[in-house]
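Q: So I've got this file, structure-v9.csv, and it contains CSV, C-alpha atoms:
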```csv
chain,number,residue,atom,x,y,z
A,1,MET,CA,4.2,11.0,-22.2
A,2,ALA,CA,4.1,10.0,-25.8
A,3,GLY,CA,1.0,10.9,-27.8
A,4,HIS,CA,-0.1,7.4,-28.5
A,5,GLU,CA,0.3,6.5,-24.8
A,6,ALA,CA,-1.8,9.5,-23.7
A,7,GLU,CA,-4.7,8.0,-25.7
A,8,LEU,CA,-4.9,4.9,-23.5
A,9,ALA,CA,-8.2,5.0,-21.6
A,10,HIS,CA,-8.4,4.5,-17.9
A,11,PRO,CA,-12.1,4.1,-17.1
A,12,THR,CA,-13.5,4.0,-13.6
A,13,GLY,CA,-17.1,3.3,-14.2
A,14,PRO,CA,-19.8,2.1,-14.4
A,15,ASP,CA,-19.5,0.2,-11.1
A,16,PRO,CA,-19.9,-3.5,-11.9
A,17,GLY,CA,-21.5,-4.0,-8.5
A,18,ALA,CA,-24.6,-2.2,-9.8
A,19,GLY,CA,-25.1,-5.0,-12.3
A,20,ALA,CA,-23.0,-6.9,-14.8
A,21,PRO,CA,-22.9,-5.7,-18.5
A,22,GLU,CA,-25.1,-7.8,-20.7
A,23,HIS,CA,-22.3,-9.6,-22.4
A,24,PHE,CA,-20.6,-10.6,-19.1
A,25,VAL,CA,-21.0,-13.6,-16.9
A,26,ARG,CA,-19.8,-14.1,-13.3
A,27,VAL,CA,-17.1,-16.8,-13.0
A,28,GLU,CA,-16.1,-18.4,-9.7
A,29,GLU,CA,-12.6,-19.9,-9.8
A,30,ARG,CA,-12.1,-22.9,-7.4
A,31,ALA,CA,-9.4,-24.9,-9.1
A,32,CYS,CA,-6.7,-24.0,-6.6
A,33,ALA,CA,-6.4,-26.6,-3.8
A,34,ASP,CA,-6.2,-23.9,-1.1
A,35,PRO,CA,-9.6,-22.2,-0.7
A,36,ARG,CA,-8.0,-19.0,0.4
A,37,TRP,CA,-7.2,-18.3,-3.2
A,38,HIS,CA,-10.6,-19.0,-4.7
A,39,PHE,CA,-12.1,-15.9,-6.3
A,40,GLY,CA,-14.9,-14.6,-8.4
A,41,LEU,CA,-15.0,-12.0,-11.2
A,42,LEU,CA,-16.9,-10.8,-14.2
A,43,LEU,CA,-15.7,-12.0,-17.7
A,44,PRO,CA,-17.1,-11.6,-21.2
A,45,ARG,CA,-19.2,-14.6,-22.1
A,46,ASP,CA,-16.8,-15.6,-24.9
A,47,SER,CA,-13.8,-15.9,-22.6
A,48,VAL,CA,-12.2,-19.4,-22.3
A,49,ARG,CA,-10.1,-20.6,-19.4
A,50,ALA,CA,-6.5,-21.2,-20.6
A,51,GLY,CA,-4.6,-21.9,-17.4
A,52,GLY,CA,-4.1,-21.5,-13.7
A,53,ALA,CA,-2.2,-23.2,-11.0
A,54,ALA,CA,-3.7,-26.0,-8.9
A,55,LYS,CA,-1.5,-24.9,-6.0
A,56,GLY,CA,-1.7,-21.4,-4.6
A,57,PRO,CA,1.0,-19.1,-3.3
A,58,SER,CA,3.0,-20.4,-0.4
A,59,ASP,CA,5.6,-18.9,1.9
A,60,GLU,CA,7.9,-18.8,-1.1
A,61,ARG,CA,8.2,-15.2,-2.2
A,62,ARG,CA,6.7,-15.6,-5.7
A,63,THR,CA,3.6,-14.8,-7.6
A,64,VAL,CA,1.3,-17.6,-8.9
A,65,SER,CA,-1.1,-17.6,-11.8
A,66,LEU,CA,-4.5,-18.5,-10.3
A,67,GLY,CA,-6.5,-18.2,-13.5
A,68,LEU,CA,-5.9,-17.2,-17.1
A,69,TYR,CA,-8.9,-16.4,-19.4
A,70,GLN,CA,-8.6,-15.6,-23.1
A,71,ARG,CA,-11.0,-14.1,-25.8
A,72,LEU,CA,-10.5,-14.0,-29.5
A,73,ALA,CA,-12.3,-11.0,-30.9
A,74,PRO,CA,-10.6,-8.7,-30.2
A,75,ALA,CA,-7.8,-10.9,-28.8
A,76,GLY,CA,-7.0,-10.2,-25.2
A,77,ASP,CA,-6.6,-12.0,-21.9
A,78,VAL,CA,-7.4,-11.5,-18.2
A,79,GLU,CA,-5.1,-13.2,-15.7
A,80,VAL,CA,-5.5,-13.3,-11.9
A,81,MET,CA,-2.3,-13.6,-10.0
A,82,GLY,CA,-1.8,-14.3,-6.3
A,83,ARG,CA,1.0,-13.6,-3.8
A,84,LEU,CA,1.3,-14.3,-0.1
A,85,LEU,CA,2.5,-11.1,1.6
A,86,HIS,CA,4.9,-11.4,4.6
A,87,SER,CA,4.8,-7.8,5.5
A,88,GLU,CA,2.2,-5.0,5.6
A,89,ILE,CA,2.6,-2.9,2.5
A,90,ASP,CA,0.5,-1.0,0.0
A,91,PRO,CA,-0.6,-3.0,-3.1
A,92,ALA,CA,0.0,0.1,-5.2
A,93,ASP,CA,3.7,0.2,-4.2
A,94,TRP,CA,4.1,-3.6,-4.9
A,95,LEU,CA,2.4,-3.1,-8.3
A,96,ASP,CA,4.7,-0.2,-9.3
A,97,LYS,CA,7.8,-2.3,-8.6
A,98,ALA,CA,6.4,-5.4,-10.4
A,99,LEU,CA,5.6,-3.4,-13.5
A,100,ALA,CA,9.0,-1.7,-13.5
A,101,ASP,CA,10.7,-5.1,-13.2
A,102,LEU,CA,8.7,-6.4,-16.2
A,103,GLY,CA,9.7,-3.3,-18.3
A,104,ARG,CA,6.1,-2.0,-18.4
A,105,ALA,CA,5.8,1.8,-19.0
A,106,VAL,CA,3.1,3.1,-16.8
A,107,VAL,CA,1.1,5.9,-18.5
A,108,SER,CA,-1.7,6.3,-16.0
A,109,ARG,CA,-2.3,5.6,-12.3
A,110,ARG,CA,-5.5,5.7,-10.2
A,111,PRO,CA,-4.6,4.6,-6.7
A,112,VAL,CA,-7.5,4.1,-4.3
A,113,PRO,CA,-6.8,4.4,-0.5
A,114,LEU,CA,-8.5,1.7,1.7
A,115,LEU,CA,-8.0,0.6,5.3
A,116,GLY,CA,-6.1,-2.5,4.1
A,117,GLY,CA,-3.8,-0.5,1.9
A,118,VAL,CA,-3.7,1.7,-1.2
A,119,VAL,CA,-5.1,-0.3,-4.2
A,120,GLY,CA,-2.8,-0.2,-7.2
A,121,ASP,CA,-4.5,0.6,-10.6
A,122,ALA,CA,-2.3,1.3,-13.5
A,123,VAL,CA,-2.5,1.4,-17.3
A,124,ALA,CA,0.8,0.4,-19.0
A,125,SER,CA,2.3,-0.2,-22.4
A,126,TRP,CA,5.2,-2.3,-23.6
A,127,GLU,CA,6.9,-3.8,-26.7
A,128,HIS,CA,7.3,-7.6,-27.3
A,129,GLU,CA,8.9,-9.1,-30.4
A,130,GLY,CA,8.4,-5.9,-32.3
A,131,GLU,CA,4.7,-5.5,-31.5
A,132,SER,CA,3.1,-3.0,-29.2
A,133,PHE,CA,0.9,-4.1,-26.3
A,134,ALA,CA,-1.1,-2.3,-23.6
A,135,GLY,CA,-3.0,-3.4,-20.5
A,136,ARG,CA,-4.6,-2.5,-17.2
A,137,PHE,CA,-3.2,-3.9,-13.9
A,138,VAL,CA,-5.0,-3.8,-10.5
A,139,ALA,CA,-3.5,-5.0,-7.3
A,140,THR,CA,-5.4,-5.2,-4.0
A,141,LYS,CA,-5.2,-7.3,-0.9
A,142,TRP,CA,-7.3,-9.0,1.7
A,143,GLY,CA,-5.2,-9.6,4.8
A,144,PRO,CA,-1.9,-11.3,3.6
A,145,ARG,CA,-3.4,-12.2,0.2
A,146,LEU,CA,-2.4,-10.1,-2.7
A,147,PHE,CA,-4.6,-10.5,-5.8
A,148,VAL,CA,-3.6,-8.9,-9.1
A,149,ALA,CA,-5.8,-8.6,-12.2
A,150,CYS,CA,-3.7,-8.4,-15.3
A,151,CYS,CA,-5.7,-7.4,-18.4
A,152,ARG,CA,-3.6,-7.4,-21.6
A,153,THR,CA,-4.1,-6.9,-25.4
A,154,ARG,CA,-2.4,-5.5,-28.5
A,155,ARG,CA,-2.0,-1.8,-28.3
A,156,ALA,CA,-4.3,-1.4,-31.4
A,157,ASP,CA,-7.2,-3.2,-29.6
A,158,TYR,CA,-6.8,-1.6,-26.2
A,159,ALA,CA,-9.5,1.1,-26.7
A,160,ALA,CA,-12.1,-1.5,-27.7
A,161,LEU,CA,-11.4,-3.6,-24.5
A,162,ALA,CA,-10.8,-0.8,-22.0
A,163,ASP,CA,-14.3,-0.9,-20.5
A,164,ASP,CA,-14.4,-4.7,-20.4
A,165,PHE,CA,-11.0,-4.7,-18.6
A,166,PHE,CA,-12.4,-2.3,-16.0
A,167,ALA,CA,-15.4,-4.5,-15.4
A,168,SER,CA,-13.3,-7.6,-14.9
A,169,ALA,CA,-10.6,-6.0,-12.6
A,170,ALA,CA,-13.1,-4.0,-10.5
A,171,SER,CA,-15.3,-7.1,-9.9
A,172,LEU,CA,-12.4,-9.4,-8.6
A,173,ARG,CA,-13.2,-10.6,-5.1
A,174,PRO,CA,-11.9,-13.6,-3.0
A,175,LEU,CA,-14.5,-16.1,-2.1
A,176,ALA,CA,-13.1,-16.8,1.4
A,177,ALA,CA,-13.5,-14.2,4.1
A,178,CYS,CA,-10.5,-12.5,5.7
A,179,ALA,CA,-9.9,-12.2,9.4
A,180,GLY,CA,-8.4,-8.7,9.3
A,181,ALA,CA,-7.4,-5.8,7.1
A,182,PHE,CA,-3.6,-6.2,7.5
A,183,ALA,CA,-1.1,-8.7,6.2
A,184,GLU,CA,0.4,-9.1,9.7
A,185,ASP,CA,-1.0,-9.3,13.2
A,186,VAL,CA,-0.6,-6.1,15.1
A,187,ASN,CA,0.5,-5.2,18.6
A,188,PHE,CA,-1.0,-2.2,20.5
A,189,VAL,CA,0.8,0.5,22.3
A,190,GLU,CA,-1.4,2.1,25.0
A,191,GLN,CA,-0.6,5.2,27.0
A,192,ASP,CA,-2.5,7.6,29.3
A,193,ARG,CA,-0.6,10.9,28.7
A,194,PRO,CA,-1.6,13.5,27.9
A,195,PHE,CA,-4.8,11.4,27.9
A,196,ALA,CA,-5.6,7.8,27.0
A,197,TRP,CA,-4.6,6.7,23.5
A,198,ARG,CA,-3.6,3.6,21.7
A,199,VAL,CA,-2.2,2.7,18.3
A,200,ALA,CA,-1.5,-0.5,16.4
A,201,VAL,CA,1.9,-1.5,15.0
A,202,PRO,CA,2.5,-4.5,12.8
A,203,GLU,CA,4.0,-7.4,14.8
A,204,SER,CA,7.2,-7.5,12.8
A,205,TRP,CA,8.2,-4.2,14.5
A,206,GLU,CA,9.9,-4.4,17.9
A,207,ILE,CA,8.4,-1.8,20.2
A,208,VAL,CA,10.2,0.1,22.9
A,209,ARG,CA,8.1,2.2,25.2
A,210,HIS,CA,9.4,5.3,27.0
A,211,PRO,CA,8.3,6.8,30.3
A,212,ALA,CA,5.4,9.2,29.9
A,213,ILE,CA,5.3,12.7,31.3
A,214,ASP,CA,2.2,14.9,31.9
A,215,GLU,CA,2.7,16.7,28.5
A,216,GLY,CA,2.7,13.5,26.5
A,217,ALA,CA,4.1,10.1,25.7
A,218,TRP,CA,6.0,8.4,22.9
A,219,PHE,CA,7.4,5.1,21.8
A,220,GLU,CA,9.8,3.7,19.2
A,221,ALA,CA,9.7,0.6,17.0
A,222,THR,CA,12.4,-1.1,15.0
A,223,HIS,CA,12.1,-3.4,12.1
A,224,ILE,CA,14.9,-6.0,11.7
A,225,ALA,CA,15.7,-7.2,8.2
A,226,PRO,CA,14.8,-10.9,7.9
A,227,GLY,CA,17.7,-13.2,7.4
A,228,PRO,CA,18.1,-16.6,5.8
A,229,PRO,CA,16.1,-19.5,7.3
A,230,GLY,CA,17.4,-20.2,10.8
A,231,GLU,CA,19.5,-17.0,10.9
A,232,GLN,CA,18.9,-13.4,11.9
A,233,VAL,CA,20.9,-10.7,10.2
A,234,GLY,CA,20.2,-8.2,12.9
A,235,GLU,CA,20.4,-5.2,10.6
A,236,ARG,CA,17.7,-2.5,11.2
A,237,ASP,CA,15.9,-1.5,8.0
A,238,GLY,CA,13.2,0.7,9.6
A,239,LYS,CA,13.0,2.9,12.7
A,240,LEU,CA,9.6,4.4,13.8
A,241,ALA,CA,8.8,7.0,16.4
A,242,LEU,CA,5.4,8.3,17.4
A,243,ALA,CA,4.5,10.9,20.0
A,244,VAL,CA,1.2,12.3,21.3
A,245,MET,CA,1.7,15.7,22.9
A,246,ALA,CA,-0.6,18.1,24.6
A,247,ARG,CA,-1.7,20.9,22.3
A,248,SER,CA,-0.1,23.4,24.6
A,249,CYS,CA,3.3,22.0,23.8
A,250,ALA,CA,3.5,23.7,20.4
A,251,ARG,CA,1.9,26.7,18.8
A,252,ARG,CA,2.3,25.5,15.2
A,253,PRO,CA,2.5,22.2,13.4
A,254,ARG,CA,6.1,23.0,12.5
A,255,ASP,CA,6.9,23.5,16.2
A,256,ALA,CA,5.4,20.0,16.9
A,257,ALA,CA,7.4,18.5,14.1
A,258,ASP,CA,10.7,20.1,15.3
A,259,VAL,CA,10.5,17.9,18.5
A,260,LEU,CA,11.2,14.9,16.3
A,261,LEU,CA,13.4,16.6,13.7
A,262,ALA,CA,15.6,18.1,16.4
A,263,ALA,CA,16.0,14.6,18.1
A,264,LEU,CA,17.0,13.1,14.8
A,265,ARG,CA,19.6,15.8,14.1
A,266,GLU,CA,21.1,15.3,17.6
A,267,ASN,CA,21.6,11.7,16.7
A,268,GLY,CA,23.6,12.4,13.6
A,269,VAL,CA,20.8,12.4,11.0
A,270,GLU,CA,21.3,15.0,8.2
A,271,ILE,CA,17.8,16.0,6.8
A,272,ALA,CA,17.9,17.4,3.3
A,273,HIS,CA,14.8,19.6,3.8
A,274,ALA,CA,11.9,20.0,6.2
A,275,ASP,CA,9.2,21.1,3.8
A,276,PHE,CA,5.9,19.7,5.0
A,277,ALA,CA,2.9,19.6,2.6
A,278,ASP,CA,-0.8,19.8,3.5
A,279,GLU,CA,-2.6,16.5,3.2
A,280,PRO,CA,-6.2,16.2,1.9
A,281,THR,CA,-8.9,16.5,4.4
A,282,GLY,CA,-12.2,14.5,4.6
A,283,PRO,CA,-13.1,10.8,4.8
A,284,ALA,CA,-10.9,9.8,1.9
A,285,GLY,CA,-7.9,11.8,2.9
A,286,PRO,CA,-5.3,11.3,5.7
A,287,ALA,CA,-6.7,14.2,7.7
A,288,HIS,CA,-10.1,13.1,9.0
A,289,GLU,CA,-11.9,13.2,12.3
A,290,PRO,CA,-10.8,13.5,15.1
A,291,PHE,CA,-8.0,15.5,13.4
A,292,ALA,CA,-8.6,18.9,11.9
A,293,GLN,CA,-5.5,18.8,9.6
A,294,SER,CA,-2.4,16.9,8.9
A,295,TRP,CA,1.0,17.6,7.2
A,296,TYR,CA,3.4,15.2,5.5
A,297,LEU,CA,7.2,15.3,4.8
A,298,THR,CA,9.4,13.1,2.6
A,299,SER,CA,13.1,13.9,2.6
A,300,PRO,CA,16.4,12.3,1.8
A,301,ILE,CA,18.6,11.8,4.8
A,302,VAL,CA,22.2,10.9,5.5
A,303,ARG,CA,23.5,9.2,8.7
A,304,TYR,CA,27.1,8.2,9.1
A,305,GLU,CA,27.5,8.5,5.3
A,306,ALA,CA,24.6,6.1,4.7
A,307,HIS,CA,21.8,7.5,2.5
A,308,GLY,CA,18.2,6.9,3.3
A,309,GLU,CA,14.7,8.5,3.5
A,310,LEU,CA,12.6,10.1,6.2
A,311,ARG,CA,8.8,10.2,6.2
A,312,CYS,CA,7.0,12.2,8.8
A,313,ARG,CA,3.4,13.1,9.5
A,314,VAL,CA,2.0,15.7,11.9
A,315,MET,CA,-1.7,15.6,12.9
A,316,MET,CA,-3.5,18.4,14.7
A,317,HIS,CA,-6.2,17.4,17.2
A,318,GLU,CA,-8.3,19.8,19.3
A,319,GLN,CA,-6.3,18.8,22.4
A,320,ALA,CA,-3.1,17.2,21.1
A,321,TRP,CA,-0.4,17.1,18.4
A,322,VAL,CA,0.5,13.7,17.0
A,323,VAL,CA,4.0,13.4,15.4
A,324,CYS,CA,5.0,10.2,13.7
A,325,GLY,CA,8.2,9.5,11.6
A,326,VAL,CA,10.0,6.6,10.1
A,327,LEU,CA,13.6,6.3,8.9
A,328,GLY,CA,14.8,3.7,6.5
A,329,PRO,CA,16.5,2.9,3.1
A,330,THR,CA,15.5,4.4,-0.2
A,331,ALA,CA,13.3,2.5,-2.6
A,332,GLU,CA,16.4,2.1,-4.9
A,333,ASP,CA,18.4,0.5,-2.1
A,334,ASP,CA,15.8,-1.8,-0.5
A,335,ALA,CA,12.4,-1.7,-2.1
A,336,GLU,CA,10.7,-4.1,0.4
A,337,ALA,CA,11.9,-2.1,3.4
A,338,TRP,CA,10.9,1.1,1.7
A,339,MET,CA,7.4,-0.2,1.1
A,340,ARG,CA,7.1,-1.5,4.6
A,341,ASN,CA,8.3,1.8,6.2
A,342,LYS,CA,6.0,3.9,4.1
A,343,ARG,CA,3.0,1.8,5.0
A,344,VAL,CA,3.6,1.7,8.8
A,345,LEU,CA,2.8,5.5,9.0
A,346,ASP,CA,-0.6,4.9,7.4
A,347,VAL,CA,-1.3,1.9,9.7
A,348,ALA,CA,-0.6,4.2,12.7
A,349,ARG,CA,-2.8,6.9,11.3
A,350,ALA,CA,-5.7,4.5,10.6
A,351,THR,CA,-5.6,2.8,14.0
A,352,LEU,CA,-4.8,5.6,16.3
A,353,GLU,CA,-7.5,6.1,19.0
A,354,LEU,CA,-7.6,9.1,21.2
A,355,ALA,CA,-9.8,9.5,24.3
A,356,PRO,CA,-9.3,13.0,25.6
A,357,ALA,CA,-11.0,14.1,28.8
A,358,LEU,CA,-14.2,16.0,28.2
```
What's the structure tokens form of this structure?

A:
Amino acid sequence: MAGHEAELAHPTGPDPGAGAPEHFVRVEERACADPRWHFGLLLPRDSVRAGGAAKGPSDERRTVSLGLYQRLAPAGDVEVMGRLLHSEIDPADWLDKALADLGRAVVSRRPVPLLGGVVGDAVASWEHEGESFAGRFVATKWGPRLFVACCRTRRADYAALADDFFASAASLRPLAACAGAFAEDVNFVEQDRPFAWRVAVPESWEIVRHPAIDEGAWFEATHIAPGPPGEQVGERDGKLALAVMARSCARRPRDAADVLLAALRENGVEIAHADFADEPTGPAGPAHEPFAQSWYLTSPIVRYEAHGELRCRVMMHEQAWVVCGVLGPTAEDDAEAWMRNKRVLDVARATLELAPAL
């Protein structure tokens, strides 16, 4: 990281919900014809609206400017963008790709995990026509609606505006309520071995249930790459497997994981490594009640000379092991599939309900 980039501030307080700064005013943007894209946020009183689309994002895969607000001293702007999501992904992953596509150099990230997905929060710098710029970009979603706050200024003025940028980005909220946390509807898989449990899977995944045995039950789900309108390519770009096993089936988390890893190897999957890392515990971490601990693996894979990625999570419950893994392309080969596959593991973790016998 270059020295001047390391100086770019990334404040996370004070919480604007506790009261707006004195020089701010709350703005409610309702210019868009579709009320789903109406929003409110805090802006400095000297901000002037300079643009925004009258039509919100549609099924077309593009991002629309919903409102652009400028100030003169120091010069800077806040723009709220909107995008309609077709698949359940993390806003943070979408933001990383969008910034990379724009040639923005990210110098700081502060992702925030929420039920609806990991919020993206990045400070970046870039050059344009021989001048240096910097900004803060925050991406979050409500159901299928992705909102992005883009706060930009000249590099030399960034320090003076960093706190104001935080207040605006952190206060952004849609005015219309959302029916659910996810971009897609979900289907539930329910089993009664080794005891009753159920988990949600985004509806774009095709579920295949397998016969249960006393020691446990498992299922698979496949995501098919969407094709052109009226056509179906039929190419799998994601493969998910989840098993709930009685605690007696494995002594250690690695033994539980080997049930899935061995099955993959038997089906021609070459796994580069199987080094699981501990995940954070507590309400904010992946390992939370009713699980005592969880472990996570990300590894390159090769199957039939095709390169891809494996993600796997093992969760330890007092009476069970839960093993969940997903195979798919790398981010470089298919960014959308990679984001979708990465996210499905977190959806499974967040929605898994266990009902062991007392």

Q: Do you have the CA of Phe147 (chain A)-CA of Ala200 (chain A) distance handy?

A: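 About the pair CA of Phe147 (chain A) and CA of Ala200 (chain A): they are 24.5 Å apart.
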
Q: Calculated over all atoms listed in the file, which of the candidates A:Arg61, A:His86, A:Ala212, A:Ala9 has the smallest distance to Ala122 (chain A)?

A: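 The answer is A:Ala9, which sits nearest to Ala122 (chain A).
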
Q: In Å, with one decimal, what is the gap from CA of Ala149 (chain A) to CA of Arg26 (chain A)?

A: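 Straight-line distance from CA of Ala149 (chain A) to CA of Arg26 (chain A) works out to 15.1 Å.
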
Q: Out of A:Val189, A:Ile207, A:Leu172, A:Ile89, which residue has the shortest atom-to-atom distance to Leu240 (chain A) when counting only C-alpha atoms?

A: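 Smallest separation from Leu240 (chain A) among the options: A:Ile207.
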
Q: Pick from A:Ile301, A:Gly135, A:Tyr158, A:Ala355: nearest to Val244 (chain A), with only C-alpha atoms counted?

A: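 The closest residue to Val244 (chain A) is A:Ala355.
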
Q: For each of A:Arg209, A:Glu266, A:Ala320, A:Arg236, take the minimum atom-to-atom distance to Arg252 (chain A), counting all atoms listed in the file, then give the residue where this is smallest.

A: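 When distances to Arg252 (chain A) are compared using all atoms listed in the file, the smallest one comes from A:Ala320.
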
Q: When you draw a straight line from CA of Glu127 (chain A) to CA of Val148 (chain A), how long is it in Å?

A: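 Interatomic distance here is 21.1 Å.
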
Q: My list of candidates is A:Ala167, A:Val322, A:Val123, A:Val259. Which is closest to Arg247 (chain A) when distances are computed with all atoms listed in the file?

A: A:Val322

Q: Within 8 Å of Asp121 (chain A), counting all atoms listed in the file, which residues qualify if same-chain residues fewer than 6 places away don't, as an mmCIF file with C-alpha atoms, in the frame of the given file?

A:
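Result file is around_18.cif:
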```
data_model
loop_
_atom_site.group_PDB
_atom_site.id
_atom_site.type_symbol
_atom_site.label_atom_id
_atom_site.label_comp_id
_atom_site.auth_asym_id
_atom_site.auth_seq_id
_atom_site.Cartn_x
_atom_site.Cartn_y
_atom_site.Cartn_z
ATOM 1 C CA ALA A 92 0.000 0.100 -5.200
ATOM 2 C CA ARG A 109 -2.300 5.600 -12.300
ATOM 3 C CA ARG A 110 -5.500 5.700 -10.200
ATOM 4 C CA PRO A 111 -4.600 4.600 -6.700
ATOM 5 C CA VAL A 112 -7.500 4.100 -4.300
ATOM 6 C CA ARG A 136 -4.600 -2.500 -17.200
ATOM 7 C CA PHE A 137 -3.200 -3.900 -13.900
ATOM 8 C CA VAL A 138 -5.000 -3.800 -10.500
ATOM 9 C CA ALA A 139 -3.500 -5.000 -7.300
#
```

Q: Given all atoms listed in the file as the basis, pick out the residue of A:Arg303, A:Lys97, A:His128, A:Arg155 nearest to Glu270 (chain A).

A: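 The closest residue to Glu270 (chain A) is A:Arg303.
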
Q: Please return as a PyMOL selection string every residue within 8 Å of (4.0, 15.0, 5.1), taking into account all atoms listed in the file and the file's own coordinates.

A: chain A and resi 276-279+294-298+311-314

Q: Give, as JSON, the centre coordinates and the x, y and z edge lengths in Å to one decimal for an axis-aligned box around all listed atoms of region 160-173 of chain A, padded by 4 Å on each side.

A:
```
{"center_x": -13.0, "center_y": -5.7, "center_z": -16.4, "size_x": 12.8, "size_y": 17.8, "size_z": 30.6}
```

Q: Could you give me, as a PyMOL selection string, the residues within 8 Å of Arg152 (chain A), counting all atoms listed in the file and dropping anything in the same chain fewer than 3 positions from it?

A: chain A and resi 76-78+133-136

Q: Output the selection as a short mmCIF file (atom, residue, chain, number, x, y, z; two decimals), keeping the file's coordinate frame - C-alpha atoms for each residue.

A:
```
data_model
loop_
_atom_site.label_atom_id
_atom_site.label_comp_id
_atom_site.auth_asym_id
_atom_site.auth_seq_id
_atom_site.Cartn_x
_atom_site.Cartn_y
_atom_site.Cartn_z
CA GLY A 76 -7.00 -10.20 -25.20
CA ASP A 77 -6.60 -12.00 -21.90
CA VAL A 78 -7.40 -11.50 -18.20
CA PHE A 133 0.90 -4.10 -26.30
CA ALA A 134 -1.10 -2.30 -23.60
CA GLY A 135 -3.00 -3.40 -20.50
CA ARG A 136 -4.60 -2.50 -17.20
#
```

Q: Do you know which residues are at most 8 Å from Pro74 (chain A) counting all atoms listed in the file, after dropping those on the same chain fewer than 5 positions away, and could you put them as a list in words?

A: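 Final neighbour list, sorted by chain and number: Asp157, Ala160 and Leu161 of chain A.
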
Q: Could you save the residues just selected, with C-alpha atoms, as an mmCIF file, in the coordinates of the input?

A:
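Just written: again.cif:
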```
data_model
loop_
_atom_site.group_PDB
_atom_site.id
_atom_site.type_symbol
_atom_site.label_atom_id
_atom_site.label_comp_id
_atom_site.auth_asym_id
_atom_site.auth_seq_id
_atom_site.Cartn_x
_atom_site.Cartn_y
_atom_site.Cartn_z
ATOM 1 C CA ASP A 157 -7.200 -3.200 -29.600
ATOM 2 C CA ALA A 160 -12.100 -1.500 -27.700
ATOM 3 C CA LEU A 161 -11.400 -3.600 -24.500
#
```

Q: Contacts of Glu28 (chain A) at 10 Å or less, counting all atoms listed in the file, minus same-chain residues fewer than 4 places along, as an MDAnalysis selection string?

A: chainID A and resid 38:42 172:175

Q: Could you please give me, as a list in words, the residues of protein, DNA or RNA lying at most 7 Å from (-5.2, -0.3, 17.6) in the coordinate frame of the file, considering only C-alpha atoms?

A: Phe188, Arg198, Val199, Ala200, Thr351, Leu352 and Glu353 of chain A

Q: Taking 4 positions as the minimum chain separation for residues in the same chain, which residues sit within 9 Å of region 141-146 of chain A when counting all atoms listed in the file? Answer as a PyMOL selection string.

A: chain A and resi 36-37+57+81-88+90-91+116-117+119+174+177-184
